[in-house]
Amino acid sequence: VQLQASGGGLVQPGGSLRLSCVASGIVFRANTVYWYRQAPGKQRELVARITGGGLANYKDPVKGRFTVSRDDDRNTVYLQMNSLKPEDTAVYYCNTIIYATNYWGQGTLVTVSS
C-alpha cells in the first residue's frame, strides 16, 4: 500500500499549485482522503478532506482558496491551491484510513516566497 504525493514546488505569493495523491495497492473509492500540512517548527495540521461521496471540507485558513477533488478512475485525489500565501509554506501530506490503519504519503514541499 502506497500513497504518492506530488506537485509541490516554489511559487510566488498569489500563485497556484495543484497537488496530487495517487494510491497504489489500495482503492481510494469510498474512502475519505485527508490533506495535512506541516510547517517548519509546527505540528502537522489538517487542511482539507474529501469523503468517498465527494463531500469536501476545509479548515478556515484555506477556505475559499483551496479545492480538494477526486478522480476515482485514476485512484487520485487532488488539492488545488490558489491565492497562495507565505504562511501556506509547508510539507503537504495525503492520508487515508482503511480498516483502522493510517496510510500516509511521503509529503511534498510547497514553498510560497517572492
# chains A, B, ... in the order shown; residues from 1 in each chain; ligands from 1
call {"tool": "select_by_dssp", "arguments": {"residues": "range 13-102 of chain A", "states": "strand (DSSP E or B)", "output": "ChimeraX atom specification"}}
result
/A:17-24,33-38,45-50,56-58,66-71,76-81,90-98,101-102
call {"tool": "residues_around", "arguments": {"residues": "range 94-104 of chain A", "least_positions_apart": "4", "cutoff": "9 Å", "atoms": "only C-alpha atoms", "output": "list in words"}}
result
Val1, Gln2, Leu3, Gln4, Ala5, Ser20, Cys21, Ile26, Phe28, Asn31, Thr32, Val33, Tyr34, Trp35, Tyr36, Arg37 and Val77 of chain A
call {"tool": "write_last_selection", "arguments": {"atoms": "all heavy atoms", "output": "compact mmCIF listing (two decimals), in the first residue's frame"}}
result
# COMPACT_ATOMS: atom_id res chain seq x y z
N VAL A 1 0.86 -1.18 0.00
CA VAL A 1 0.00 0.00 0.00
C VAL A 1 0.89 1.23 0.00
O VAL A 1 1.78 1.36 0.84
CB VAL A 1 -0.93 0.02 1.23
CG1 VAL A 1 -1.73 1.31 1.25
CG2 VAL A 1 -1.84 -1.19 1.23
N GLN A 2 0.63 2.14 -0.92
CA GLN A 2 1.46 3.33 -1.02
C GLN A 2 0.62 4.51 -1.48
O GLN A 2 -0.24 4.38 -2.35
CB GLN A 2 2.60 3.09 -2.00
CG GLN A 2 3.69 4.14 -1.97
CD GLN A 2 4.88 3.74 -2.81
OE1 GLN A 2 4.79 2.85 -3.64
NE2 GLN A 2 6.01 4.41 -2.60
N LEU A 3 0.89 5.67 -0.85
CA LEU A 3 0.33 6.93 -1.31
C LEU A 3 1.48 7.78 -1.80
O LEU A 3 2.48 7.95 -1.09
CB LEU A 3 -0.42 7.65 -0.19
CG LEU A 3 -1.58 6.93 0.47
CD1 LEU A 3 -2.26 7.83 1.50
CD2 LEU A 3 -2.59 6.46 -0.55
N GLN A 4 1.35 8.32 -2.97
CA GLN A 4 2.41 9.13 -3.57
C GLN A 4 1.88 10.54 -3.79
O GLN A 4 1.01 10.75 -4.63
CB GLN A 4 2.85 8.53 -4.91
CG GLN A 4 3.97 9.28 -5.58
CD GLN A 4 5.33 8.97 -4.98
OE1 GLN A 4 5.51 7.90 -4.41
NE2 GLN A 4 6.26 9.89 -5.09
N ALA A 5 2.41 11.49 -3.01
CA ALA A 5 2.03 12.89 -3.16
C ALA A 5 3.04 13.60 -4.04
O ALA A 5 4.25 13.36 -3.93
CB ALA A 5 1.95 13.56 -1.80
N SER A 20 -1.17 16.33 -6.14
CA SER A 20 -1.82 15.06 -6.46
C SER A 20 -1.43 14.02 -5.43
O SER A 20 -0.30 14.03 -4.93
CB SER A 20 -1.40 14.56 -7.85
OG SER A 20 -1.75 15.48 -8.86
N CYS A 21 -2.35 13.13 -5.15
CA CYS A 21 -2.09 11.99 -4.26
C CYS A 21 -2.60 10.76 -4.97
O CYS A 21 -3.82 10.60 -5.15
CB CYS A 21 -2.78 12.19 -2.93
SG CYS A 21 -2.60 10.81 -1.79
N ILE A 26 -4.20 0.06 -2.86
CA ILE A 26 -5.50 0.26 -2.25
C ILE A 26 -6.39 0.97 -3.25
O ILE A 26 -5.90 1.53 -4.22
CB ILE A 26 -5.42 1.10 -0.95
CG1 ILE A 26 -4.79 2.47 -1.22
CG2 ILE A 26 -4.68 0.36 0.13
CD1 ILE A 26 -4.85 3.40 -0.03
N PHE A 28 -9.00 4.00 -3.51
CA PHE A 28 -9.48 5.18 -2.82
C PHE A 28 -11.00 5.25 -2.76
O PHE A 28 -11.56 5.81 -1.83
CB PHE A 28 -8.99 6.45 -3.53
CG PHE A 28 -7.75 7.03 -2.94
CD1 PHE A 28 -6.96 7.89 -3.70
CD2 PHE A 28 -7.36 6.78 -1.64
CE1 PHE A 28 -5.83 8.45 -3.17
CE2 PHE A 28 -6.22 7.33 -1.10
CZ PHE A 28 -5.45 8.17 -1.88
N ASN A 31 -13.41 5.86 0.19
CA ASN A 31 -12.64 6.24 1.37
C ASN A 31 -12.48 7.75 1.46
O ASN A 31 -12.24 8.42 0.47
CB ASN A 31 -11.25 5.60 1.34
CG ASN A 31 -11.29 4.12 1.59
OD1 ASN A 31 -11.15 3.33 0.68
ND2 ASN A 31 -11.50 3.76 2.83
N THR A 32 -12.55 8.25 2.67
CA THR A 32 -12.23 9.65 2.90
C THR A 32 -10.71 9.83 2.79
O THR A 32 -9.95 9.02 3.33
CB THR A 32 -12.72 10.11 4.28
OG1 THR A 32 -14.14 10.02 4.32
CG2 THR A 32 -12.31 11.55 4.56
N VAL A 33 -10.31 10.86 2.09
CA VAL A 33 -8.90 11.19 1.95
C VAL A 33 -8.67 12.57 2.53
O VAL A 33 -9.45 13.49 2.30
CB VAL A 33 -8.46 11.14 0.47
CG1 VAL A 33 -6.98 11.53 0.35
CG2 VAL A 33 -8.68 9.74 -0.10
N TYR A 34 -7.61 12.69 3.29
CA TYR A 34 -7.29 13.92 4.00
C TYR A 34 -6.00 14.52 3.44
O TYR A 34 -5.08 13.80 3.05
CB TYR A 34 -7.06 13.63 5.49
CG TYR A 34 -8.21 12.93 6.18
CD1 TYR A 34 -8.34 11.55 6.13
CD2 TYR A 34 -9.15 13.65 6.90
CE1 TYR A 34 -9.39 10.91 6.77
CE2 TYR A 34 -10.20 13.01 7.54
CZ TYR A 34 -10.32 11.64 7.47
OH TYR A 34 -11.36 11.01 8.10
N TRP A 35 -5.95 15.85 3.45
CA TRP A 35 -4.71 16.56 3.19
C TRP A 35 -4.29 17.26 4.49
O TRP A 35 -5.09 17.99 5.09
CB TRP A 35 -4.87 17.60 2.09
CG TRP A 35 -4.87 17.04 0.71
CD1 TRP A 35 -5.95 16.80 -0.08
CD2 TRP A 35 -3.73 16.66 -0.05
NE1 TRP A 35 -5.56 16.28 -1.29
CE2 TRP A 35 -4.19 16.18 -1.30
CE3 TRP A 35 -2.36 16.67 0.19
CZ2 TRP A 35 -3.33 15.73 -2.30
CZ3 TRP A 35 -1.50 16.22 -0.79
CH2 TRP A 35 -1.99 15.76 -2.03
N TYR A 36 -3.06 17.03 4.88
CA TYR A 36 -2.47 17.69 6.04
C TYR A 36 -1.27 18.51 5.55
O TYR A 36 -0.75 18.32 4.45
CB TYR A 36 -1.94 16.66 7.04
CG TYR A 36 -2.98 15.94 7.84
CD1 TYR A 36 -3.70 14.88 7.29
CD2 TYR A 36 -3.26 16.31 9.17
CE1 TYR A 36 -4.66 14.20 8.05
CE2 TYR A 36 -4.20 15.64 9.92
CZ TYR A 36 -4.89 14.58 9.36
OH TYR A 36 -5.83 13.93 10.11
N ARG A 37 -0.81 19.38 6.42
CA ARG A 37 0.43 20.08 6.15
C ARG A 37 1.19 20.29 7.46
O ARG A 37 0.60 20.34 8.54
CB ARG A 37 0.20 21.42 5.47
CG ARG A 37 -0.49 22.48 6.31
CD ARG A 37 -0.78 23.72 5.46
NE ARG A 37 -1.44 24.76 6.23
CZ ARG A 37 -1.91 25.88 5.70
NH1 ARG A 37 -1.79 26.11 4.40
NH2 ARG A 37 -2.49 26.79 6.47
N VAL A 77 -6.43 11.77 -5.71
CA VAL A 77 -7.08 12.92 -5.07
C VAL A 77 -6.20 14.13 -5.31
O VAL A 77 -4.96 14.04 -5.24
CB VAL A 77 -7.29 12.67 -3.57
CG1 VAL A 77 -7.76 13.93 -2.86
CG2 VAL A 77 -8.31 11.55 -3.37
call {"tool": "residues_around", "arguments": {"residues": "Gln80 in chain A", "least_positions_apart": "4", "cutoff": "10 Å", "atoms": "only C-alpha atoms", "output": "ChimeraX atom specification"}}
result
/A:7,16-20,65-69
call {"tool": "write_last_selection", "arguments": {"atoms": "N, CA and C atoms", "output": "compact mmCIF listing (two decimals), in the first residue's frame"}}
result
# COMPACT_ATOMS: atom_id res chain seq x y z
N GLY A 7 3.60 17.40 -6.79
CA GLY A 7 3.07 18.66 -7.27
C GLY A 7 3.57 19.88 -6.53
N SER A 16 -0.51 29.66 -7.78
CA SER A 16 -1.30 28.44 -7.63
C SER A 16 -0.42 27.20 -7.82
N LEU A 17 -0.84 26.15 -7.18
CA LEU A 17 -0.25 24.83 -7.38
C LEU A 17 -1.36 23.80 -7.26
N ARG A 18 -1.16 22.67 -7.93
CA ARG A 18 -2.08 21.55 -7.74
C ARG A 18 -1.29 20.34 -7.28
N LEU A 19 -1.65 19.86 -6.11
CA LEU A 19 -1.04 18.66 -5.56
C LEU A 19 -1.86 17.44 -5.97
N SER A 20 -1.17 16.33 -6.14
CA SER A 20 -1.82 15.06 -6.46
C SER A 20 -1.43 14.02 -5.43
N ARG A 65 -9.83 29.28 -0.94
CA ARG A 65 -8.60 29.29 -1.74
C ARG A 65 -8.21 27.90 -2.22
N PHE A 66 -8.48 26.89 -1.43
CA PHE A 66 -8.11 25.52 -1.76
C PHE A 66 -9.35 24.73 -2.15
N THR A 67 -9.16 23.81 -3.09
CA THR A 67 -10.24 22.93 -3.51
C THR A 67 -9.72 21.51 -3.61
N VAL A 68 -10.39 20.60 -2.92
CA VAL A 68 -10.00 19.19 -2.99
C VAL A 68 -11.00 18.47 -3.90
N SER A 69 -10.47 17.58 -4.71
CA SER A 69 -11.31 16.82 -5.63
C SER A 69 -10.73 15.42 -5.79
call {"tool": "closest_residue", "arguments": {"among": "A:Arg29, A:Tyr92, A:Val110, A:Leu84", "to": "Ala48 in chain A", "atoms": "only C-alpha atoms"}}
result
A:Tyr92
call {"tool": "atom_distance", "arguments": {"atom1": "CA of Gly64 in chain A", "atom2": "CA of Gly105 in chain A"}}
result
24.6 Å
